[in-house]
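A.B. asks: Sharing a structure with you now.
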Amino acid sequence: MAVLNIRVDDRVRDQLKEMADDEGVTLSEFVRDLLMEAVVPVYDEEQVRRRSEEPAPESMRLVDRQVLSLLHRILARVLPEDANDVDGDREYQLMRAQILEDGFTGEYSYEVAGFRTELSRRDCKRVIDILQMFRMLTYSIDHLAKEGTPVDEELARALEFRGFDFNDSLEGHMADYVEFQMREPERWTELRDQVARADGGNSHWPMLDTYLRMLAEYRRIMDGRERRGGLDRHDYLLSAEELQQIRDARVHPSRRSED
C-alpha cells in the first residue's frame with residue numbers, strides 16, 4: 001500500500017484528530033476515508049443496487065426469533081377480522097410466527113420486507129450540512145437585496161436547493177431524510193419554497209457531487225473567518241463575491257475554464 005505524506009497546520013491536525021475520535025477510528029483511517037470520498041465516485045452501481053432493500057439475514061439469534069414470534073402472535077390476536085392493510089390479517093401474522101419458530105431461514109425475507117438499508121450517520125450529517133449551507137446562501141442573498149445590492153437572478157437561481165435525485169437509491173434516501181427534517185412546519189421554512197419549485201425536492205438528476213463541491217468551498221470560506229476569532233450571526237452572511245465562488249464550485253473542475 002502506498003504511503004502519502006501530507007503537511008497540515010497543527011490546528012487542522014487537532015480538528016481531524018477530534019473528528020476521528022468521535023467516529024471511533026484512528027486519525028489515519030479517518031483521513032484515508034476522506035480521501036476515498038474525494039477519489040471514489042459517489043455512484044457505484046452495485047452499491048446502488050444493494051441499497052434498495054435490506055437483505056434477509058441468513059440466521060437469527062434464538063432470543064430474537066422468540067421475541068419476534070411473540071409479537072406476531074400478539075398482533076394476530078388484536079387485528080380486526082377484516083384487517084387488510086400493511087400488517088395483513090391474522091393468518092398472515094401466524095404464518096410469520098411459524099417461519100420464526102420453525103427456523104425456515106429461506107423465508108426470513110418476510111421479516112425485513114420493506115426495510116431499507118440504513119442511511120449512515122455521515123450521510124445524515126451531509127444532508128444537514130447541505131441544508132444549512134443553502135439556508136445561509138438564502139439568508140445572504142436576501143440580506144444583500146435588503147442592503148440595496150441584490151445579486152442577479154441567474155446567480156440566485158444557481159444557489160437554490162434543488163433536492164436530490166429520486167431515481168438514485170442513495171439520493172432518494174437523502175430526499176426522504178429532507179422530507180423528514182421538514183415534517184414540522186416551523187423547520188427549514190426558508191427552503192420550503194425552493195423544495196416546492198424543485199418538483200417537491202426531486203432534482204431528476206444526481207446532485208450530491210455538486211453539493212459536496214459547493215460545501216467544500218463554503219467550508220473553506222467559513223474556516224477563514226473562524227481564524228479571525230469568534231463569529232456573530234452577521235459573520236455567517238456571504239458577500240456577492242463569496243456567493244459567486246460557491247456558484248463556481250458547482251461546475252466540475254474538469255469542465256472549468258482555464259481563463
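FYI, nothing fancy with the C-alpha cells labels: chains A, B, ... in order, residues from 1 per chain, ligands from 1 as they appear.
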Please, which residues in range 148-167 of chain A fall within 9 Å of range 179-196 of chain A when counting only C-alpha atoms, and what is the closest atom pair and distance in Å to one decimal for each, ordered by chain then residue number, as CSV?
C.D. replies:
```
residue,atom,partner,partner_atom,distance
A:Glu160,CA,A:Gln194,CA,6.4
A:Phe161,CA,A:Gln194,CA,6.0
A:Arg162,CA,A:Val195,CA,6.5
A:Gly163,CA,A:Val195,CA,6.3
```
A.B. asks: Give one line per residue of range 4-93 of chain A that approaches range 107-113 of chain A to at most 10 Å, naming the two atoms of the closest pair and their distance in Å to one decimal, counting only C-alpha atoms; sort by chain then ascending residue number and deliver it as a Markdown table.
C.D. replies:
```
| residue | atom | partner | partner_atom | distance |
| --- | --- | --- | --- | --- |
| A:Glu53 | CA | A:Ala113 | CA | 7.6 |
| A:Glu54 | CA | A:Val112 | CA | 6.5 |
| A:Pro55 | CA | A:Val112 | CA | 7.3 |
| A:Ala56 | CA | A:Ser109 | CA | 4.7 |
| A:Pro57 | CA | A:Tyr108 | CA | 6.6 |
| A:Glu58 | CA | A:Tyr108 | CA | 7.7 |
| A:Ser59 | CA | A:Tyr108 | CA | 8.3 |
| A:Met60 | CA | A:Tyr108 | CA | 8.9 |
| A:Leu68 | CA | A:Glu111 | CA | 8.8 |
```
A.B. asks: Pick out the residues sitting within 8 Å of range 72-76 of chain A, and hand them over as number ranges by chain; count only C-alpha atoms, and ignore anything fewer than 2 positions along from it in its own chain.
C.D. replies: A: 68-70, 78-79, 89-94, 96-97
A.B. asks: Write out as JSON, numbers by chain all residues of range 63-217 of chain A that backbone DSSP assigns to strand (DSSP E or B).
C.D. replies: {"A": [85, 88, 164, 202]}
A.B. asks: Could you turn the residues from that selection into a file that holds N, CA, C and O atoms, as an mmCIF file, in the first residue's frame?
C.D. replies:
```cif
data_model
loop_
_atom_site.group_PDB
_atom_site.id
_atom_site.type_symbol
_atom_site.label_atom_id
_atom_site.label_comp_id
_atom_site.auth_asym_id
_atom_site.auth_seq_id
_atom_site.Cartn_x
_atom_site.Cartn_y
_atom_site.Cartn_z
ATOM 1 N N ASP A 85 -54.496 -4.279 5.763
ATOM 2 C CA ASP A 85 -53.525 -3.211 5.485
ATOM 3 C C ASP A 85 -52.123 -3.807 5.456
ATOM 4 O O ASP A 85 -51.944 -4.999 5.186
ATOM 5 N N GLY A 88 -51.398 -7.047 7.176
ATOM 6 C CA GLY A 88 -52.067 -8.254 6.744
ATOM 7 C C GLY A 88 -53.182 -8.660 7.694
ATOM 8 O O GLY A 88 -53.703 -7.841 8.453
ATOM 9 N N PHE A 164 -32.818 16.207 -4.316
ATOM 10 C CA PHE A 164 -31.989 15.063 -4.684
ATOM 11 C C PHE A 164 -32.718 14.235 -5.743
ATOM 12 O O PHE A 164 -33.924 14.370 -5.936
ATOM 13 N N ASN A 202 -37.392 16.753 -5.939
ATOM 14 C CA ASN A 202 -36.845 15.787 -6.888
ATOM 15 C C ASN A 202 -36.044 16.528 -7.950
ATOM 16 O O ASN A 202 -36.614 17.213 -8.811
#
```
A.B. asks: Which is closer to Leu119 in chain A than all the others in A:Met19, A:Ile6, A:Leu71, A:Ala175, using only C-alpha atoms?
C.D. replies: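 Residue with the minimum atom-to-atom distance to Leu119 in chain A: A:Ala175.
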A.B. asks: Would you mind listing what lies within 12 Å of Gln132 in chain A as a count of residues only, with only C-alpha atoms counted and same-chain residues fewer than 2 positions away left out?
C.D. replies: 25
A.B. asks: One decimal, in Å: what's the spacing between CA of Leu131 in chain A and CA of Glu171 in chain A?
C.D. replies: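 CA of Glu171 in chain A lies 13.9 Å from CA of Leu131 in chain A.
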A.B. asks: Using only C-alpha atoms, which residue out of A:Ser169, A:Leu238, A:Leu100, A:Asp248 lies closest to Val67 in chain A?
C.D. replies: A:Leu100
A.B. asks: List the spatial neighbours of Thr149 in chain A as a list of chain:residue names - criterion: any atom at most 12 Å away, only C-alpha atoms, same-chain residues fewer than 3 positions off excluded.
C.D. replies: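 Here the qualifying residues turn out to be A:Ser140, A:Ile141, A:Asp142, A:His143, A:Leu144, A:Ala145, A:Lys146, A:Asp152, A:Ser239, A:Ala240, A:Glu241.
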A.B. asks: Residues of the last selection are to be written out with N, CA, C and O atoms, as a CSV table (one decimal), in the first residue's frame.
C.D. replies:
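Printed below is again22.csv as written:
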```
chain,number,residue,atom,x,y,z
A,140,SER,N,-28.1,35.1,2.9
A,140,SER,CA,-27.1,36.1,2.4
A,140,SER,C,-27.7,36.8,1.2
A,140,SER,O,-27.5,38.1,1.0
A,141,ILE,N,-28.4,36.1,0.3
A,141,ILE,CA,-29.0,36.7,-0.9
A,141,ILE,C,-30.1,37.7,-0.5
A,141,ILE,O,-30.2,38.8,-1.0
A,142,ASP,N,-30.9,37.3,0.5
A,142,ASP,CA,-31.9,38.2,1.0
A,142,ASP,C,-31.3,39.4,1.6
A,142,ASP,O,-31.8,40.6,1.5
A,143,HIS,N,-30.3,39.3,2.4
A,143,HIS,CA,-29.6,40.4,3.1
A,143,HIS,C,-29.0,41.4,2.1
A,143,HIS,O,-29.2,42.6,2.2
A,144,LEU,N,-28.4,40.9,1.0
A,144,LEU,CA,-27.8,41.8,0.0
A,144,LEU,C,-28.9,42.6,-0.7
A,144,LEU,O,-28.8,43.8,-1.0
A,145,ALA,N,-30.1,41.9,-0.9
A,145,ALA,CA,-31.2,42.6,-1.5
A,145,ALA,C,-31.7,43.7,-0.6
A,145,ALA,O,-32.0,44.8,-1.1
A,146,LYS,N,-31.8,43.5,0.7
A,146,LYS,CA,-32.3,44.5,1.6
A,146,LYS,C,-31.3,45.6,1.7
A,146,LYS,O,-31.7,46.8,2.0
A,152,ASP,N,-27.7,39.0,-9.2
A,152,ASP,CA,-28.5,38.8,-10.4
A,152,ASP,C,-29.3,37.5,-10.3
A,152,ASP,O,-29.0,36.6,-9.5
A,239,SER,N,-20.7,37.5,1.1
A,239,SER,CA,-20.7,38.6,0.1
A,239,SER,C,-21.1,38.1,-1.2
A,239,SER,O,-21.1,36.9,-1.5
A,240,ALA,N,-21.3,39.0,-2.1
A,240,ALA,CA,-21.6,38.6,-3.5
A,240,ALA,C,-20.5,37.9,-4.1
A,240,ALA,O,-20.7,36.9,-4.9
A,241,GLU,N,-19.2,38.3,-3.8
A,241,GLU,CA,-18.1,37.6,-4.4
A,241,GLU,C,-18.0,36.1,-3.9
A,241,GLU,O,-17.7,35.2,-4.6
```
A.B. asks: Run DSSP on the backbone of this structure and report the residues of range 162-204 of chain A it assigns to helix (DSSP H, G or I), as a ChimeraX atom specification.
C.D. replies: /A:169-181,189-197
A.B. asks: Would you please work out which residue, of A:Arg157, A:Ala2, A:Arg122, A:Glu81, is nearest to Leu34 in chain A when using only C-alpha atoms?
C.D. replies: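 Smallest distance to Leu34 in chain A is found for A:Arg122.
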